[in-house]
Every structure is written in C-alpha cells, then in structure tokens.
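A short worksheet on the structure shown next.
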Amino acid sequence: MEVERVQAIASLSILKDTLPPEFIRSEYEQPGITTFTGPVPDIPVIDLSKRELREELMQEIRNASEEWGIFQVVNHGIPEKVIKELQSVGKEFFELPLDEKEKYAVKPGSFEGYGTKLQKEPEGKKAWVDYLFHNVWPPSRVNHDIWPQNPPSYREANEEYAKHLIRVVDDLLEILSEGLGLEKQVLKESVGGDGLEYLLKINYYPKCPRPDLALGVVAHTDMSAITILVPNEVPGLQVFKDDHWFDAKYVPNALVVHIGDQIEILSNGKYKSVLHRTTVNKDKVRMSWPVFCSPPEETVVGPLKQLVNDDNPPKFKTKKYKDYQYCKLNKLPQ
C-alpha cells in the first residue's frame with residue numbers, strides 16, 4: 001500500500017486553513033491548548049569549553065540531567081561549517097522530487113530509509129512529519145545503500161559530522177559518569193563501549209495550515225542512551241516539566257542533548273529521560289537532525305550495582321536492549 005507523504009499533503013493548495021482529520025490531535029494533546037503561555041524557564045545552556053573548570057562543568061551537567069533530562073551545549077568543538085553542511089545536504093534531499101526520495105523508502109522489516117509513519121498510535125492519528133533514518137556509526141552497522149546518492153556530497157557531510165560527534169558523546173558520557181560518582185568510563189562501557197550505535201534521523205516538518213491542532217512528533221522519551229540533536233532555526237521542540245509543556249528556546253550553534261531511557265535506567269532514575277514533543281509552524285519548514293546513541297541489541301542494561309543498595313533498590317528491570325526496544329515500540333509494559 002502506498003504511503004502518502006506529509007510533504008505532498010502539505011503542498012495541496014486545497015488545504016488552506018484546514019487540516020485532514022487524521023492529523024488533528026485530541027484536545028489533551030493540541031499544542032494550541034496545552035502549551036504553557038506564562039514565563040518559560042530556560043533549558044540549561046552549558047559551555048563545554050570550561051575544560052579547566054571540570055568540577056563546575058560536571059555539576060552543571062549533573063543538575064540539568066537530574067532536573068530536566070535535557071540541556072543545550074555550546075562551544076562543543078564541532079566546527080560550524082560541518083554542522084551547516086550536514087543541514088544543507090539534508091535539506092537538499094528533502095527538496096528532491098518525490099520519485100527520487102522514494103528510491104530510499106523504508107523496506108518491510110527495516111526502519112532505515114525514507115518514511116512517514118513510525119509507529120501505531122492508539123487513536124489512529126498521524127504526525128506531521130516525514131523522515132530519513134540511517135546508521136552513521138560504527139562502520140559495521142552502516143549500510144551506504146540506504147544513504148542518498150543525491151546530493152553528491154551527502155555521504156561526505158554525514159561522515160564528517162559523525163567523526164566529530166563521537167568525541168562529543170564520549171566527553172558527555174564521561175562527565176555524566178563522574179556526576180554519578182563513578183569512574184569516567186563506566187557509563188560508556190555499560191552502553192556497549194566502542195560498539196555504541198549512532199542512528200541519525202532527519203525530521204522534516206512541512207508548513208502546517210493549523211499548527212495549533214497538529215504535532216510533528218508526539219510526546220515520548222527516547223529509548224537511546226543519549227540523543228544529540230541539531231535543530232534548524234525554526235523553534236518547535238517542547239519539553240514537559242512541572243506538569244507543563246514548555247517551548248525550548250533556539251540557541252544558535254548549540255547541540256541539544258537528551259538523556260535517554262538507558263541512561264535513566266543505568267543511573268537508577270537519578271538522571272531523567274526527558275519527555276518531549278515537536279510542534280510545527282504555519283509559515284516555515286522545521287527540520288532537525290537527532291542522532292540516537294544506543295547500545296547494541298544484545299547489551300544487557302539495568303541499574304548499575306554501584307548505585308543500588310537497601311535504601312535505594314533497583315527501580316528498573318535488567319534486560320537486553322533489544323527486549324527493551326521491542327516492548328517500547330509495541331507499547332508493552334517494561
């Protein structure tokens with residue numbers, strides 16, 4: 001059965017100020033009703049260049065991970081040119097004719113490729129987004145057949161970004177580990193060491209005639225260990241905190257860091273996996289480039305024994321990552 005792409009639906013002039021009913025969220029989800037309109041607290045912005053102030057840096061990241069589960073990092077060391085090129089080739093891909101993009105459509109039994117609907121929603125609703133998924137690291141997990149051939153510089157731009165990103169992720173995992181009072185290598189080793197898998201998703205949110213009624217991505221936490229996201233300049237990320245949905249402020253040249261489910265589990269709940277969603281825009285296309293850093297399927301993840309005792313018993317089950325993934329995607333209890 002052919003899937004209708006959201007980008008194609010958005011281009012229909014007959015929409016004007018209306019939205020197909022399958023994209024209209026229930027009232028308890030509609031951003032026009034549920035977005036907090038009062039003074040919005042800022043998601044922490046952390047300067048990673050504070051190398052000589054390691055203790056202060058660790059405290060800032062620890063506090064943000066405990067209180068928010070999300071923070072933005074600046075002076076992260078990835079050249080601006082590398083990020084701009086990543087964004088440029090991704091944008092060029094989504095501006096290709098539909099027939100060209102469909103060459104990379106997700107195949108049955110896979111999640112990598114060009115697609116629209118990711119998973120079933122209880123009410124049969126759809127999200128206002130198209131996407132492209134593919135692994136970027138380690139080399140054993142990369143299938144270049146799924147990577148777009150057009151634009152021609154797509155592969156080079158993504159490989160260059162991945163090369164820089166690995167160093168940032170390693171640094172963050174070390175600091176997060178130290179923030180738990182552990183040796184710096186513990187968290188990375190617990191999520192697969194050098195086998196940690198980097199899965200890139202490009203989200204493409206077309207202009208939407210009724211952004212007050214639709215969502216680009218519904219409320220969720222990431223099942224990854226950690227997610228690093230590059231946004232474009234169009235706001236849309238929202239974070240749930242203190243019983244409210246808050247807009248995340250766009251910070252130029254920042255990376256957005258999400259604590260994922262596996263770090264929450266390993267920390268026995270000390271670090272929070274952030275509940276977040278994406279809104280859309282009436283006048284502008286929004287795009288984002290999250291990279292989900294996740295353990296290999298067979299990796300067993302559970303609360304770290306160093307963090308568990310009689311006063312602080314395990315809050316999560318220990319299981320293989322592939323079993324966690326299966327339960328999460330199929331909305332089964334963990």
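Letters for chains follow the order of the structure tokens (A, B, ...), residue numbers begin at 1 for each chain, and ligand numbers begin at 1 in the order shown.
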
Once you count only C-alpha atoms, what closest atom pair and distance in Å to one decimal does each residue of segment 189-274 of chain A within 12 Å of segment 308-317 of chain A have, with rows by chain and rising residue number, as JSON lines?
```
{"residue": "A:Asp261", "atom": "CA", "partner": "A:Phe316", "partner_atom": "CA", "distance": 10.5}
{"residue": "A:Gln262", "atom": "CA", "partner": "A:Phe316", "partner_atom": "CA", "distance": 10.2}
{"residue": "A:Ile263", "atom": "CA", "partner": "A:Phe316", "partner_atom": "CA", "distance": 11.5}
{"residue": "A:Glu264", "atom": "CA", "partner": "A:Phe316", "partner_atom": "CA", "distance": 9.2}
{"residue": "A:Ile265", "atom": "CA", "partner": "A:Phe316", "partner_atom": "CA", "distance": 6.1}
{"residue": "A:Leu266", "atom": "CA", "partner": "A:Phe316", "partner_atom": "CA", "distance": 8.7}
{"residue": "A:Ser267", "atom": "CA", "partner": "A:Val308", "partner_atom": "CA", "distance": 9.1}
{"residue": "A:Asn268", "atom": "CA", "partner": "A:Lys315", "partner_atom": "CA", "distance": 5.9}
{"residue": "A:Gly269", "atom": "CA", "partner": "A:Lys315", "partner_atom": "CA", "distance": 7.1}
{"residue": "A:Lys270", "atom": "CA", "partner": "A:Lys315", "partner_atom": "CA", "distance": 10.3}
```

For those residues, write N, CA and C atoms to a file as a tab-separated table (two decimals), in the first residue's frame.
```tsv
chain	number	residue	atom	x	y	z
A	261	ASP	N	16.35	6.77	27.77
A	261	ASP	CA	15.88	5.78	28.74
A	261	ASP	C	17.01	4.95	29.34
A	262	GLN	N	18.03	4.59	28.52
A	262	GLN	CA	19.06	3.67	29.02
A	262	GLN	C	19.94	4.34	30.09
A	263	ILE	N	20.19	5.63	29.95
A	263	ILE	CA	20.96	6.34	30.99
A	263	ILE	C	20.10	6.49	32.25
A	264	GLU	N	18.81	6.73	32.08
A	264	GLU	CA	17.93	6.79	33.25
A	264	GLU	C	17.96	5.46	33.99
A	265	ILE	N	17.89	4.36	33.25
A	265	ILE	CA	17.91	3.03	33.87
A	265	ILE	C	19.24	2.79	34.59
A	266	LEU	N	20.34	3.02	33.89
A	266	LEU	CA	21.67	2.79	34.48
A	266	LEU	C	21.87	3.62	35.75
A	267	SER	N	21.35	4.86	35.76
A	267	SER	CA	21.51	5.75	36.91
A	267	SER	C	20.47	5.46	37.99
A	268	ASN	N	19.63	4.45	37.75
A	268	ASN	CA	18.53	4.07	38.66
A	268	ASN	C	17.60	5.25	38.94
A	269	GLY	N	17.37	6.05	37.88
A	269	GLY	CA	16.40	7.14	37.98
A	269	GLY	C	16.98	8.46	38.43
A	270	LYS	N	18.28	8.49	38.72
A	270	LYS	CA	18.88	9.78	39.16
A	270	LYS	C	18.88	10.78	38.02
```

**Request:** For segment 29-37 of chain A, work out the shell of residues within 9 Å, counting only C-alpha atoms and skipping chain neighbours fewer than 4 positions away, then give it as a list in words.
**Result:** Ile24, Arg25, Pro211, Asp212, Leu213, Ala214, Leu215, Val218, Ala219, Gln238, His244, Trp245, Phe246, Asp247 and Thr279 of chain A

**Request:** Between A:Val274, A:Leu132, A:Leu187, A:Lys126, single out the one closest to Pro303 of chain A, counting only C-alpha atoms.
**Result:**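 The closest residue to Pro303 of chain A is A:Leu187.
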
**Request:** Can you list, as a VMD selection string, all residues belonging to segment 65-305 of chain A that DSSP tags as strand (DSSP E)?
**Result:** chain A and resid 70 to 74 113 to 115 130 to 137 197 to 205 217 to 220 226 to 231 237 to 241 244 to 247 255 to 259 276 to 278 286 to 294 300 to 301

Go ahead and save the residues from that selection, with C-alpha atoms, as an mmCIF file, in the first residue's frame.
```cif
data_model
loop_
_atom_site.group_PDB
_atom_site.id
_atom_site.type_symbol
_atom_site.label_atom_id
_atom_site.label_comp_id
_atom_site.auth_asym_id
_atom_site.auth_seq_id
_atom_site.Cartn_x
_atom_site.Cartn_y
_atom_site.Cartn_z
ATOM 1 C CA ILE A 70 17.785 17.855 28.602
ATOM 2 C CA PHE A 71 20.304 20.633 28.089
ATOM 3 C CA GLN A 72 21.968 22.532 25.271
ATOM 4 C CA VAL A 73 25.733 22.667 24.786
ATOM 5 C CA VAL A 74 27.753 25.428 23.157
ATOM 6 C CA GLY A 113 15.279 4.739 4.950
ATOM 7 C CA TYR A 114 12.788 7.429 3.918
ATOM 8 C CA GLY A 115 9.427 7.222 5.645
ATOM 9 C CA ASP A 130 8.476 12.848 7.056
ATOM 10 C CA TYR A 131 11.877 11.440 7.969
ATOM 11 C CA LEU A 132 15.052 9.730 6.832
ATOM 12 C CA PHE A 133 16.734 7.185 9.123
ATOM 13 C CA HIS A 134 20.149 5.568 8.772
ATOM 14 C CA ASN A 135 23.044 4.423 10.948
ATOM 15 C CA VAL A 136 26.206 6.539 10.850
ATOM 16 C CA TRP A 137 28.453 4.593 13.262
ATOM 17 C CA GLU A 197 25.440 2.629 17.745
ATOM 18 C CA TYR A 198 24.724 6.056 16.241
ATOM 19 C CA LEU A 199 21.425 6.269 14.365
ATOM 20 C CA LEU A 200 20.722 9.519 12.502
ATOM 21 C CA LYS A 201 17.176 10.688 11.859
ATOM 22 C CA ILE A 202 16.388 13.720 9.739
ATOM 23 C CA ASN A 203 12.970 15.094 10.647
ATOM 24 C CA TYR A 204 11.217 17.200 8.014
ATOM 25 C CA TYR A 205 8.176 19.126 9.271
ATOM 26 C CA VAL A 217 6.284 14.149 16.847
ATOM 27 C CA VAL A 218 4.048 13.071 19.738
ATOM 28 C CA ALA A 219 5.126 13.099 23.377
ATOM 29 C CA HIS A 220 7.792 10.470 24.061
ATOM 30 C CA ILE A 226 21.737 9.688 24.871
ATOM 31 C CA THR A 227 20.481 11.714 21.902
ATOM 32 C CA ILE A 228 22.308 14.655 20.328
ATOM 33 C CA LEU A 229 20.161 16.910 18.155
ATOM 34 C CA VAL A 230 20.948 19.652 15.664
ATOM 35 C CA PRO A 231 17.893 21.880 15.052
ATOM 36 C CA LEU A 237 10.869 21.416 20.448
ATOM 37 C CA GLN A 238 8.767 21.305 23.607
ATOM 38 C CA VAL A 239 9.726 19.789 26.958
ATOM 39 C CA PHE A 240 7.358 18.553 29.682
ATOM 40 C CA LYS A 241 8.382 19.726 33.125
ATOM 41 C CA HIS A 244 3.572 21.937 31.734
ATOM 42 C CA TRP A 245 4.687 21.885 28.091
ATOM 43 C CA PHE A 246 7.412 24.494 27.625
ATOM 44 C CA ASP A 247 8.879 25.768 24.349
ATOM 45 C CA LEU A 255 23.585 20.960 20.236
ATOM 46 C CA VAL A 256 20.529 19.762 22.138
ATOM 47 C CA VAL A 257 21.322 16.824 24.445
ATOM 48 C CA HIS A 258 18.532 14.470 25.535
ATOM 49 C CA ILE A 259 19.063 11.969 28.324
ATOM 50 C CA HIS A 276 9.369 15.876 24.787
ATOM 51 C CA ARG A 277 7.368 16.516 21.616
ATOM 52 C CA THR A 278 7.555 18.644 18.487
ATOM 53 C CA ARG A 286 11.221 22.983 10.520
ATOM 54 C CA MET A 287 13.977 20.361 10.351
ATOM 55 C CA SER A 288 16.063 18.583 12.956
ATOM 56 C CA TRP A 289 18.914 16.069 12.952
ATOM 57 C CA PRO A 290 18.832 13.892 16.084
ATOM 58 C CA VAL A 291 21.409 11.122 16.468
ATOM 59 C CA PHE A 292 20.245 8.363 18.816
ATOM 60 C CA CYS A 293 23.228 6.743 20.556
ATOM 61 C CA SER A 294 22.081 3.311 21.678
ATOM 62 C CA VAL A 300 22.224 -6.080 28.970
ATOM 63 C CA VAL A 301 21.185 -2.832 30.660
#
```

**DSSP helix (DSSP H, G or I) residues within segment 86-299 of chain A, as an MDAnalysis selection string** = chainID A and resid 86:94 98:102 139:141 144:146 154:179 186:190 193:195 261:266
